[in-house]
file entry.pdb (PDB, C-alpha atoms and all ligand atoms)
ATOM      1  CA  MET W 234     -15.506 -77.252  -4.796  1.00  0.00           C
ATOM      2  CA  LEU W 235     -17.381 -74.079  -5.764  1.00  0.00           C
ATOM      3  CA  PHE W 236     -20.059 -74.785  -3.181  1.00  0.00           C
ATOM      4  CA  GLY W 237     -17.380 -74.970  -0.457  1.00  0.00           C
ATOM      5  CA  LYS W 238     -15.827 -71.724  -1.677  1.00  0.00           C
ATOM      6  CA  ILE W 239     -19.176 -69.951  -1.557  1.00  0.00           C
ATOM      7  CA  MET W 240     -19.832 -71.245   1.967  1.00  0.00           C
ATOM      8  CA  ALA W 241     -16.412 -69.944   3.079  1.00  0.00           C
ATOM      9  CA  SER W 242     -16.874 -66.463   1.575  1.00  0.00           C
ATOM     10  CA  ASP W 243     -18.507 -63.214   2.731  1.00  0.00           C
ATOM     11  CA  GLY W 244     -19.518 -62.276  -0.802  1.00  0.00           C
ATOM     12  CA  VAL W 245     -19.812 -63.757  -4.280  1.00  0.00           C
ATOM     13  CA  VAL W 246     -19.746 -62.199  -7.775  1.00  0.00           C
ATOM     14  CA  PHE W 247     -21.039 -64.191 -10.745  1.00  0.00           C
ATOM     15  CA  ALA W 248     -19.407 -62.800 -13.922  1.00  0.00           C
ATOM     16  CA  LEU W 249     -20.508 -64.231 -17.258  1.00  0.00           C
ATOM     17  CA  PRO W 250     -21.121 -63.471 -20.930  1.00  0.00           C
ATOM     18  CA  ASN W 251     -24.525 -62.970 -22.538  1.00  0.00           C
ATOM     19  CA  TYR W 252     -24.878 -65.963 -24.874  1.00  0.00           C
ATOM     20  CA  SER W 253     -27.946 -65.914 -27.133  1.00  0.00           C
ATOM     21  CA  PHE W 254     -29.833 -63.600 -24.735  1.00  0.00           C
ATOM     22  CA  GLN W 255     -29.286 -65.920 -21.783  1.00  0.00           C
ATOM     23  CA  VAL W 256     -26.666 -66.978 -19.235  1.00  0.00           C
ATOM     24  CA  SER W 257     -23.856 -69.057 -20.728  1.00  0.00           C
ATOM     25  CA  GLY W 258     -24.297 -72.839 -20.820  1.00  0.00           C
ATOM     26  CA  PHE W 259     -21.616 -73.301 -18.130  1.00  0.00           C
ATOM     27  CA  MET W 260     -23.421 -70.914 -15.803  1.00  0.00           C
ATOM     28  CA  LYS W 261     -26.754 -72.633 -16.415  1.00  0.00           C
ATOM     29  CA  ILE W 262     -25.270 -76.047 -15.611  1.00  0.00           C
ATOM     30  CA  PHE W 263     -23.797 -74.600 -12.436  1.00  0.00           C
ATOM     31  CA  LEU W 264     -27.165 -73.093 -11.446  1.00  0.00           C
ATOM     32  CA  ASP W 265     -28.937 -76.364 -12.164  1.00  0.00           C
ATOM     33  CA  ARG W 266     -26.443 -78.208  -9.948  1.00  0.00           C
ATOM     34  CA  LEU W 267     -27.352 -75.685  -7.233  1.00  0.00           C
ATOM     35  CA  GLY W 268     -31.048 -76.398  -7.819  1.00  0.00           C
ATOM     36  CA  PHE W 269     -31.492 -78.021  -4.405  1.00  0.00           C
ATOM     37  CA  VAL W 270     -30.449 -74.724  -2.747  1.00  0.00           C
ATOM     38  CA  PHE W 271     -33.490 -72.998  -4.260  1.00  0.00           C
ATOM     39  CA  HIS W 272     -35.569 -75.518  -2.277  1.00  0.00           C
ATOM     40  CA  ARG W 273     -33.387 -75.382   0.836  1.00  0.00           C
ATOM     41  CA  PRO W 274     -31.722 -71.924   0.783  1.00  0.00           C
ATOM     42  CA  ARG W 275     -28.511 -71.562   2.780  1.00  0.00           C
ATOM     43  CA  PHE W 276     -26.296 -68.731   1.575  1.00  0.00           C
ATOM     44  CA  PHE W 277     -27.606 -66.394   4.272  1.00  0.00           C
ATOM     45  CA  GLY W 278     -25.423 -63.572   5.537  1.00  0.00           C
ATOM     46  CA  LYS W 279     -23.427 -63.442   2.269  1.00  0.00           C
ATOM     47  CA  ALA W 280     -23.476 -60.690  -0.341  1.00  0.00           C
ATOM     48  CA  PHE W 281     -24.159 -61.535  -3.980  1.00  0.00           C
ATOM     49  CA  THR W 282     -24.004 -59.656  -7.241  1.00  0.00           C
ATOM     50  CA  SER W 283     -23.566 -60.375 -10.952  1.00  0.00           C
ATOM     51  CA  ILE W 284     -21.824 -58.847 -13.974  1.00  0.00           C
ATOM     52  CA  VAL W 285     -23.058 -59.729 -17.452  1.00  0.00           C
ATOM     53  CA  CYS W 286     -20.731 -58.859 -20.333  1.00  0.00           C
ATOM     54  CA  GLN W 287     -22.131 -58.646 -23.843  1.00  0.00           C
ATOM     55  CA  GLY W 288     -21.402 -57.662 -27.409  1.00  0.00           C
ATOM     56  CA  LEU W 289     -24.637 -55.872 -28.294  1.00  0.00           C
ATOM     57  CA  PHE W 290     -27.827 -56.213 -26.231  1.00  0.00           C
ATOM     58  CA  GLY W 291     -30.223 -58.402 -24.241  1.00  0.00           C
ATOM     59  CA  GLY W 292     -28.171 -58.639 -21.027  1.00  0.00           C
ATOM     60  CA  ASP W 293     -30.430 -56.491 -18.812  1.00  0.00           C
ATOM     61  CA  ARG W 294     -32.959 -59.293 -18.583  1.00  0.00           C
ATOM     62  CA  ILE W 295     -30.194 -61.737 -17.632  1.00  0.00           C
ATOM     63  CA  VAL W 296     -29.159 -59.403 -14.804  1.00  0.00           C
ATOM     64  CA  LYS W 297     -32.783 -59.351 -13.554  1.00  0.00           C
ATOM     65  CA  TYR W 298     -32.828 -63.153 -13.667  1.00  0.00           C
ATOM     66  CA  LEU W 299     -29.553 -63.346 -11.696  1.00  0.00           C
ATOM     67  CA  ASP W 300     -30.858 -60.843  -9.107  1.00  0.00           C
ATOM     68  CA  PHE W 301     -33.739 -63.261  -8.583  1.00  0.00           C
ATOM     69  CA  VAL W 302     -31.344 -66.242  -8.464  1.00  0.00           C
ATOM     70  CA  GLY W 303     -29.332 -64.528  -5.687  1.00  0.00           C
ATOM     71  CA  PHE W 304     -32.521 -63.923  -3.713  1.00  0.00           C
ATOM     72  CA  GLY W 305     -33.691 -67.527  -4.225  1.00  0.00           C
ATOM     73  CA  LEU W 306     -30.392 -68.976  -3.005  1.00  0.00           C
ATOM     74  CA  GLY W 307     -30.626 -66.929   0.219  1.00  0.00           C
ATOM     75  CA  PHE W 308     -27.992 -64.256  -0.500  1.00  0.00           C
ATOM     76  CA  ASN W 309     -28.171 -60.559   0.356  1.00  0.00           C
ATOM     77  CA  THR W 310     -28.400 -59.499  -3.271  1.00  0.00           C
ATOM     78  CA  VAL W 311     -26.912 -56.338  -4.755  1.00  0.00           C
ATOM     79  CA  ARG W 312     -28.403 -55.404  -8.136  1.00  0.00           C
ATOM     80  CA  GLY W 313     -26.161 -56.664 -10.946  1.00  0.00           C
ATOM     81  CA  SER W 314     -24.730 -54.816 -13.970  1.00  0.00           C
ATOM     82  CA  CYS W 315     -24.708 -55.422 -17.690  1.00  0.00           C
ATOM     83  CA  VAL W 316     -21.736 -54.033 -19.628  1.00  0.00           C
ATOM     84  CA  THR W 317     -21.482 -53.795 -23.396  1.00  0.00           C
ATOM     85  CA  ALA W 318     -17.854 -54.318 -24.298  1.00  0.00           C
ATOM     86  CA  LEU W 319     -17.598 -55.093 -27.994  1.00  0.00           C
ATOM     87  CA  GLU W 320     -14.056 -54.323 -29.213  1.00  0.00           C
ATOM     88  CA  PRO W 321     -13.007 -51.768 -30.345  1.00  0.00           C
ATOM     89  CA  MET W 322     -14.644 -49.639 -27.633  1.00  0.00           C
ATOM     90  CA  THR W 323     -14.887 -45.874 -27.863  1.00  0.00           C
ATOM     91  CA  GLU W 324     -13.635 -43.815 -24.939  1.00  0.00           C
ATOM     92  CA  LYS W 325     -17.239 -42.904 -24.088  1.00  0.00           C
ATOM     93  CA  GLU W 326     -18.264 -46.591 -23.978  1.00  0.00           C
ATOM     94  CA  GLN W 327     -15.240 -47.381 -21.835  1.00  0.00           C
ATOM     95  CA  GLN W 328     -16.183 -44.569 -19.422  1.00  0.00           C
ATOM     96  CA  LYS W 329     -19.788 -45.790 -19.248  1.00  0.00           C
ATOM     97  CA  MET W 330     -18.604 -49.296 -18.357  1.00  0.00           C
ATOM     98  CA  ASN W 331     -16.172 -48.009 -15.713  1.00  0.00           C
ATOM     99  CA  TRP W 332     -18.888 -45.822 -14.212  1.00  0.00           C
ATOM    100  CA  ALA W 333     -21.365 -48.734 -14.025  1.00  0.00           C
ATOM    101  CA  LEU W 334     -18.810 -51.076 -12.466  1.00  0.00           C
ATOM    102  CA  SER W 335     -17.476 -48.581  -9.938  1.00  0.00           C
ATOM    103  CA  GLY W 336     -21.057 -47.847  -8.779  1.00  0.00           C
ATOM    104  CA  GLN W 337     -21.689 -51.552  -8.433  1.00  0.00           C
ATOM    105  CA  SER W 338     -18.412 -52.079  -6.503  1.00  0.00           C
ATOM    106  CA  ARG W 339     -19.439 -49.327  -4.093  1.00  0.00           C
ATOM    107  CA  ARG W 340     -22.888 -50.894  -3.550  1.00  0.00           C
ATOM    108  CA  PHE W 341     -21.330 -54.326  -3.061  1.00  0.00           C
ATOM    109  CA  HIS W 342     -18.861 -52.954  -0.516  1.00  0.00           C
ATOM    110  CA  GLU W 343     -21.690 -51.177   1.329  1.00  0.00           C
ATOM    111  CA  GLN W 344     -23.597 -54.464   1.459  1.00  0.00           C
ATOM    112  CA  LEU W 345     -20.544 -56.238   2.913  1.00  0.00           C
ATOM    113  CA  MET W 346     -20.332 -53.572   5.638  1.00  0.00           C
ATOM    114  CA  LYS W 347     -24.039 -53.840   6.558  1.00  0.00           C
ATOM    115  CA  PRO W 348     -25.392 -56.296   9.168  1.00  0.00           C
ATOM    116  CA  ALA W 349     -25.207 -59.729   7.517  1.00  0.00           C
ATOM    117  CA  TYR W 350     -28.553 -60.931   8.905  1.00  0.00           C
ATOM    118  CA  PRO W 351     -31.053 -58.076   8.431  1.00  0.00           C
ATOM    119  CA  ALA W 352     -34.769 -58.232   9.232  1.00  0.00           C
ATOM    120  CA  PRO W 353     -36.490 -59.544   6.085  1.00  0.00           C
ATOM    121  CA  THR W 354     -38.556 -57.317   3.808  1.00  0.00           C
ATOM    122  CA  LEU W 355     -42.256 -58.172   3.680  1.00  0.00           C
ATOM    123  CA  LEU W 356     -41.686 -59.888   0.324  1.00  0.00           C
ATOM    124  CA  LYS W 357     -38.930 -62.115   1.755  1.00  0.00           C
ATOM    125  CA  LEU W 358     -41.043 -62.834   4.831  1.00  0.00           C
ATOM    126  CA  TRP W 359     -43.921 -63.871   2.583  1.00  0.00           C
ATOM    127  CA  GLY W 360     -41.600 -66.157   0.592  1.00  0.00           C
ATOM    128  CA  PHE W 361     -40.412 -67.894   3.749  1.00  0.00           C
ATOM    129  CA  ARG W 362     -43.857 -68.241   5.335  1.00  0.00           C
ATOM    130  CA  TYR W 363     -45.415 -69.511   2.117  1.00  0.00           C
ATOM    131  CA  ALA W 364     -42.646 -72.097   1.566  1.00  0.00           C
ATOM    132  CA  ARG W 365     -42.675 -73.437   5.109  1.00  0.00           C
ATOM    133  CA  THR W 366     -46.465 -73.452   5.554  1.00  0.00           C
ATOM    134  CA  SER W 367     -47.159 -75.215   2.272  1.00  0.00           C
ATOM    135  CA  MET W 368     -44.294 -77.689   2.870  1.00  0.00           C
ATOM    136  CA  GLY W 369     -45.581 -78.414   6.370  1.00  0.00           C
ATOM    137  CA  LEU W 370     -49.055 -79.170   5.037  1.00  0.00           C
ATOM    138  CA  LEU W 371     -48.284 -80.882   1.730  1.00  0.00           C
ATOM    139  CA  LEU W 372     -45.060 -82.833   2.463  1.00  0.00           C
ATOM    140  CA  ASN W 373     -43.907 -85.248   5.134  1.00  0.00           C
ATOM    141  CA  ASP W 374     -40.755 -86.962   6.499  1.00  0.00           C
ATOM    142  CA  ARG W 375     -40.212 -88.797   3.211  1.00  0.00           C
ATOM    143  CA  SER W 376     -39.281 -85.484   1.555  1.00  0.00           C
ATOM    144  CA  ARG W 377     -35.721 -84.158   1.862  1.00  0.00           C
ATOM    145  CA  ASP W 378     -37.041 -80.579   1.792  1.00  0.00           C
ATOM    146  CA  TYR W 379     -39.416 -81.312   4.673  1.00  0.00           C
ATOM    147  CA  ARG W 380     -36.701 -82.969   6.769  1.00  0.00           C
ATOM    148  CA  TYR W 381     -34.332 -80.031   6.115  1.00  0.00           C
ATOM    149  CA  TYR W 382     -36.944 -77.492   7.237  1.00  0.00           C
ATOM    150  CA  LYS W 383     -37.596 -79.618  10.332  1.00  0.00           C
ATOM    151  CA  GLU W 384     -33.881 -79.973  11.200  1.00  0.00           C
ATOM    152  CA  LYS W 385     -33.450 -76.210  10.903  1.00  0.00           C
ATOM    153  CA  GLY W 386     -36.509 -75.527  13.105  1.00  0.00           C
ATOM    154  CA  TRP W 387     -38.060 -73.529  10.259  1.00  0.00           C
ATOM    155  CA  PHE W 388     -41.579 -74.822  10.907  1.00  0.00           C
ATOM    156  CA  GLU W 389     -41.556 -72.877  14.196  1.00  0.00           C
ATOM    157  CA  SER W 390     -39.139 -69.980  13.548  1.00  0.00           C
ATOM    158  CA  ASP W 391     -40.024 -66.419  12.504  1.00  0.00           C
ATOM    159  CA  TYR W 392     -37.607 -66.516   9.577  1.00  0.00           C
ATOM    160  CA  TYR W 393     -34.744 -68.580   8.107  1.00  0.00           C
ATOM    161  CA  TYR W 394     -32.279 -67.136  10.618  1.00  0.00           C
ATOM    162  CA  PRO W 395     -32.746 -65.654  14.097  1.00  0.00           C
ATOM    163  CA  VAL W 396     -33.978 -62.099  13.737  1.00  0.00           C
ATOM    164  CA  ARG W 397     -36.185 -59.747  15.732  1.00  0.00           C
ATOM    165  CA  LEU W 398     -39.367 -58.889  13.862  1.00  0.00           C
ATOM    166  CA  GLY W 399     -41.226 -55.709  14.794  1.00  0.00           C
ATOM    167  CA  ALA W 400     -44.931 -55.830  15.725  1.00  0.00           C
ATOM    168  CA  LEU W 401     -46.052 -55.105  12.143  1.00  0.00           C
ATOM    169  CA  LYS W 402     -43.926 -57.877  10.607  1.00  0.00           C
ATOM    170  CA  LYS W 403     -44.973 -60.327  13.337  1.00  0.00           C
ATOM    171  CA  ALA W 404     -48.620 -59.628  12.500  1.00  0.00           C
ATOM    172  CA  ALA W 405     -47.891 -59.807   8.762  1.00  0.00           C
ATOM    173  CA  GLY W 406     -46.091 -63.146   9.328  1.00  0.00           C
ATOM    174  CA  SER W 407     -49.161 -64.639  11.051  1.00  0.00           C
ATOM    175  CA  LEU W 408     -51.372 -63.361   8.245  1.00  0.00           C
ATOM    176  CA  PHE W 409     -49.004 -64.856   5.622  1.00  0.00           C
ATOM    177  CA  ASP W 410     -49.081 -68.239   7.446  1.00  0.00           C
ATOM    178  CA  TRP W 411     -52.863 -68.171   7.414  1.00  0.00           C
ATOM    179  CA  ILE W 412     -53.157 -67.212   3.722  1.00  0.00           C
ATOM    180  CA  SER W 413     -50.505 -69.809   2.810  1.00  0.00           C
ATOM    181  CA  SER W 414     -52.420 -72.538   4.625  1.00  0.00           C
ATOM    182  CA  ILE W 415     -55.583 -71.667   2.682  1.00  0.00           C
ATOM    183  CA  ILE W 416     -53.655 -71.802  -0.620  1.00  0.00           C
ATOM    184  CA  ALA W 417     -51.939 -75.087   0.335  1.00  0.00           C
ATOM    185  CA  ARG W 418     -55.220 -76.736   1.402  1.00  0.00           C
ATOM    186  CA  SER W 419     -56.851 -75.691  -1.868  1.00  0.00           C
ATOM    187  CA  ARG W 420     -54.011 -77.492  -3.696  1.00  0.00           C
ATOM    188  CA  GLU W 421     -54.624 -80.625  -1.590  1.00  0.00           C
ATOM    189  CA  SER W 422     -58.274 -80.940  -2.611  1.00  0.00           C
TER
HETATM  190  C1  LIG N 501     -22.485 -68.200 -28.649  1.00  0.00           C
HETATM  191  C2  LIG N 501     -22.483 -66.728 -28.428  1.00  0.00           C
HETATM  192  C3  LIG N 501     -23.687 -66.059 -28.289  1.00  0.00           C
HETATM  193  C4  LIG N 501     -23.700 -64.679 -28.063  1.00  0.00           C
HETATM  194  N1  LIG N 501     -24.895 -64.048 -27.898  1.00  0.00           N
HETATM  195  C5  LIG N 501     -24.914 -62.733 -27.656  1.00  0.00           C
HETATM  196  C6  LIG N 501     -26.168 -62.059 -27.456  1.00  0.00           C
HETATM  197  O1  LIG N 501     -27.238 -62.627 -27.498  1.00  0.00           O
HETATM  198  N2  LIG N 501     -26.138 -60.731 -27.182  1.00  0.00           N
HETATM  199  C7  LIG N 501     -24.979 -60.034 -27.106  1.00  0.00           C
HETATM  200  O2  LIG N 501     -25.023 -58.840 -26.856  1.00  0.00           O
HETATM  201  N3  LIG N 501     -23.780 -60.655 -27.236  1.00  0.00           N
HETATM  202  C8  LIG N 501     -23.715 -61.978 -27.520  1.00  0.00           C
HETATM  203  N4  LIG N 501     -22.516 -62.620 -27.690  1.00  0.00           N
HETATM  204  C9  LIG N 501     -21.285 -61.860 -27.473  1.00  0.00           C
HETATM  205  C10 LIG N 501     -20.744 -62.173 -26.080  1.00  0.00           C
HETATM  206  O3  LIG N 501     -21.610 -61.723 -25.080  1.00  0.00           O
HETATM  207  C11 LIG N 501     -19.369 -61.530 -25.913  1.00  0.00           C
HETATM  208  O4  LIG N 501     -18.555 -62.152 -26.877  1.00  0.00           O
HETATM  209  C12 LIG N 501     -18.829 -61.748 -24.542  1.00  0.00           C
HETATM  210  O5  LIG N 501     -19.581 -61.073 -23.592  1.00  0.00           O
HETATM  211  C13 LIG N 501     -17.429 -61.220 -24.435  1.00  0.00           C
HETATM  212  O6  LIG N 501     -16.625 -62.266 -24.215  1.00  0.00           O
HETATM  213  P1  LIG N 501     -15.447 -62.601 -25.246  1.00  0.00           P
HETATM  214  O7  LIG N 501     -14.615 -61.367 -25.334  1.00  0.00           O
HETATM  215  O8  LIG N 501     -14.774 -63.741 -24.573  1.00  0.00           O
HETATM  216  O9  LIG N 501     -16.108 -62.972 -26.542  1.00  0.00           O
HETATM  217  C14 LIG N 501     -22.482 -63.979 -27.962  1.00  0.00           C
HETATM  218  C15 LIG N 501     -21.269 -64.658 -28.103  1.00  0.00           C
HETATM  219  C16 LIG N 501     -21.267 -66.005 -28.344  1.00  0.00           C
HETATM  220  C17 LIG N 501     -19.933 -66.704 -28.489  1.00  0.00           C
END
call {"tool": "encode", "arguments": {"input": "entry.pdb", "output": "structure tokens"}}
result
Amino acid sequence: MLFGKIMASDGVVFALPNYSFQVSGFMKIFLDRLGFVFHRPRFFGKAFTSIVCQGLFGGDRIVKYLDFVGFGLGFNTVRGSCVTALEPMTEKEQQKMNWALSGQSRRFHEQLMKPAYPAPTLLKLWGFRYARTSMGLLLNDRSRDYRYYKEKGWFESDYYYPVRLGALKKAAGSLFDWISSIIARSRES
């Protein structure tokens, strides 16, 4: 049900408590159920952000983890926020929280207004080229990941979705394919 809702949305916000310096158990189960999407990303064109609520401290690292999760699932990720909201809150703490959340809302809205399918950064391009080159060399039709990449045409495409790469990124992409093939072959032997 949640998967369908995400697919139907333009943007997603994960809001959760900090439990023992990590995401809550419910959130972790949800992420584990989405594990296949880390292998076969598909939430392209959608904005993502997270809000971690906590009593004392430790949530900043959870936000970093969730930023990475958003990236891994294919979202256009907006940096998340951690808010400390232990009752009773002072007026200053309340103001700090409001300020953090209004800044995040503005960034999220800006992301929703931007082109949904931007040219990838070099880091994202590397991630794609490394995944597809190593999968192409190390896996075969028996693997669901391999078949998914093949169905999507990802073994031939520039990136996960149609996008125009400039000359520099085209050259970088070829270089990334080459380096990835060397790394993959070294894992074979
Ligand atoms: C099992 C459990 C573990 C928690 N661990 C932390 C923690 O590591 N750091 C922290 O700042 N707050 C921690 N908290 C406080 C929660 O983050 C805080 O209660 C929650 O964000 C606010 O939700 P609530 O009002 O429903 O309790 C913990 C709370 C529970 C119940």
call {"tool": "closest_atom_pairs", "arguments": {"input": "entry.pdb", "of": "chain W", "to": "ligand LIG 501 (chain N)", "cutoff": "10 Å", "atoms": "only C-alpha atoms and all ligand atoms", "output": "tab-separated table"}}
result
residue	atom	partner	partner_atom	distance
W:Ala248	CA	N:LIG501	O5	9.8
W:Leu249	CA	N:LIG501	O5	7.1
W:Pro250	CA	N:LIG501	O5	3.9
W:Asn251	CA	N:LIG501	O3	4.1
W:Tyr252	CA	N:LIG501	N1	3.6
W:Ser253	CA	N:LIG501	O1	3.4
W:Phe254	CA	N:LIG501	O1	3.9
W:Gln255	CA	N:LIG501	O1	6.9
W:Val256	CA	N:LIG501	N1	9.3
W:Ser257	CA	N:LIG501	C1	8.1
W:Gly258	CA	N:LIG501	C1	9.3
W:Val285	CA	N:LIG501	O5	7.2
W:Cys286	CA	N:LIG501	O5	4.1
W:Gln287	CA	N:LIG501	O3	3.4
W:Gly288	CA	N:LIG501	N3	3.8
W:Leu289	CA	N:LIG501	O2	3.3
W:Phe290	CA	N:LIG501	O2	3.9
W:Gly291	CA	N:LIG501	N2	5.5
W:Gly292	CA	N:LIG501	O2	6.6
W:Asp293	CA	N:LIG501	O2	10.0
W:Cys315	CA	N:LIG501	O5	9.6
W:Val316	CA	N:LIG501	O5	8.4
W:Thr317	CA	N:LIG501	O2	7.1
W:Ala318	CA	N:LIG501	C13	6.9
W:Leu319	CA	N:LIG501	C11	7.0
W:Glu320	CA	N:LIG501	O7	8.1
call {"tool": "closest_residue", "arguments": {"input": "entry.pdb", "among": "W:Ala364, W:Val270, W:Ile412, W:Met240", "to": "Gly305 of chain W", "atoms": "all atoms listed in the file"}}
result
W:Val270
call {"tool": "residues_around", "arguments": {"input": "entry.pdb", "residues": "Tyr392 of chain W", "least_positions_apart": "4", "cutoff": "8 Å", "atoms": "only C-alpha atoms", "output": "list in words"}}
result
Pro353, Leu358, Phe361, Arg362, Trp387 and Val396 of chain W
call {"tool": "closest_residue", "arguments": {"input": "entry.pdb", "among": "W:Val246, W:Val302, W:Leu264, W:Ala417", "to": "Thr366 of chain W", "atoms": "only C-alpha atoms"}}
result
W:Ala417
call {"tool": "closest_residue", "arguments": {"input": "entry.pdb", "among": "W:Ala280, W:Ile415, W:Leu372, W:Met260", "to": "Ser242 of chain W", "atoms": "only C-alpha atoms"}}
result
W:Ala280
call {"tool": "decode", "arguments": {"input": "entry.pdb", "residues": "segment 242-258 of chain W", "atoms": "N, CA and C atoms", "output": "PDB file, in the first residue's frame"}}
result
ATOM      1  N   SER W 242       2.972   9.643  -5.855  1.00  0.00           N
ATOM      2  CA  SER W 242       3.205  10.980  -5.293  1.00  0.00           C
ATOM      3  C   SER W 242       4.331  11.727  -6.017  1.00  0.00           C
ATOM      4  N   ASP W 243       4.346  13.052  -5.851  1.00  0.00           N
ATOM      5  CA  ASP W 243       5.449  13.872  -6.372  1.00  0.00           C
ATOM      6  C   ASP W 243       6.564  13.988  -5.336  1.00  0.00           C
ATOM      7  N   GLY W 244       6.208  13.825  -4.059  1.00  0.00           N
ATOM      8  CA  GLY W 244       7.203  13.977  -3.010  1.00  0.00           C
ATOM      9  C   GLY W 244       6.813  13.192  -1.769  1.00  0.00           C
ATOM     10  N   VAL W 245       7.835  12.797  -1.003  1.00  0.00           N
ATOM     11  CA  VAL W 245       7.621  11.950   0.166  1.00  0.00           C
ATOM     12  C   VAL W 245       8.423  12.502   1.342  1.00  0.00           C
ATOM     13  N   VAL W 246       7.802  12.520   2.537  1.00  0.00           N
ATOM     14  CA  VAL W 246       8.510  12.918   3.761  1.00  0.00           C
ATOM     15  C   VAL W 246       8.457  11.738   4.738  1.00  0.00           C
ATOM     16  N   PHE W 247       9.613  11.263   5.157  1.00  0.00           N
ATOM     17  CA  PHE W 247       9.664  10.236   6.198  1.00  0.00           C
ATOM     18  C   PHE W 247       9.838  10.977   7.533  1.00  0.00           C
ATOM     19  N   ALA W 248       8.881  10.831   8.442  1.00  0.00           N
ATOM     20  CA  ALA W 248       8.969  11.475   9.759  1.00  0.00           C
ATOM     21  C   ALA W 248       8.981  10.382  10.815  1.00  0.00           C
ATOM     22  N   LEU W 249       9.945  10.450  11.730  1.00  0.00           N
ATOM     23  CA  LEU W 249      10.146   9.321  12.650  1.00  0.00           C
ATOM     24  C   LEU W 249      10.867   9.777  13.908  1.00  0.00           C
ATOM     25  N   PRO W 250      10.733   9.009  14.996  1.00  0.00           N
ATOM     26  CA  PRO W 250      11.496   9.332  16.202  1.00  0.00           C
ATOM     27  C   PRO W 250      12.902   8.721  16.162  1.00  0.00           C
ATOM     28  N   ASN W 251      13.801   9.322  16.909  1.00  0.00           N
ATOM     29  CA  ASN W 251      15.115   8.732  17.186  1.00  0.00           C
ATOM     30  C   ASN W 251      14.901   7.723  18.318  1.00  0.00           C
ATOM     31  N   TYR W 252      15.098   6.448  18.026  1.00  0.00           N
ATOM     32  CA  TYR W 252      15.010   5.420  19.072  1.00  0.00           C
ATOM     33  C   TYR W 252      16.385   4.788  19.239  1.00  0.00           C
ATOM     34  N   SER W 253      16.973   4.959  20.391  1.00  0.00           N
ATOM     35  CA  SER W 253      18.288   4.370  20.704  1.00  0.00           C
ATOM     36  C   SER W 253      19.305   4.692  19.609  1.00  0.00           C
ATOM     37  N   PHE W 254      19.367   5.963  19.232  1.00  0.00           N
ATOM     38  CA  PHE W 254      20.334   6.496  18.263  1.00  0.00           C
ATOM     39  C   PHE W 254      20.174   5.916  16.864  1.00  0.00           C
ATOM     40  N   GLN W 255      18.966   5.417  16.570  1.00  0.00           N
ATOM     41  CA  GLN W 255      18.741   4.865  15.230  1.00  0.00           C
ATOM     42  C   GLN W 255      17.303   5.162  14.797  1.00  0.00           C
ATOM     43  N   VAL W 256      16.969   4.774  13.549  1.00  0.00           N
ATOM     44  CA  VAL W 256      15.575   4.884  13.121  1.00  0.00           C
ATOM     45  C   VAL W 256      14.737   3.952  13.991  1.00  0.00           C
ATOM     46  N   SER W 257      13.441   4.211  14.077  1.00  0.00           N
ATOM     47  CA  SER W 257      12.575   3.348  14.878  1.00  0.00           C
ATOM     48  C   SER W 257      12.495   1.962  14.218  1.00  0.00           C
ATOM     49  N   GLY W 258      12.105   0.971  14.997  1.00  0.00           N
ATOM     50  CA  GLY W 258      11.999  -0.395  14.470  1.00  0.00           C
ATOM     51  C   GLY W 258      11.024  -0.472  13.298  1.00  0.00           C
TER      52      GLY W 258
END
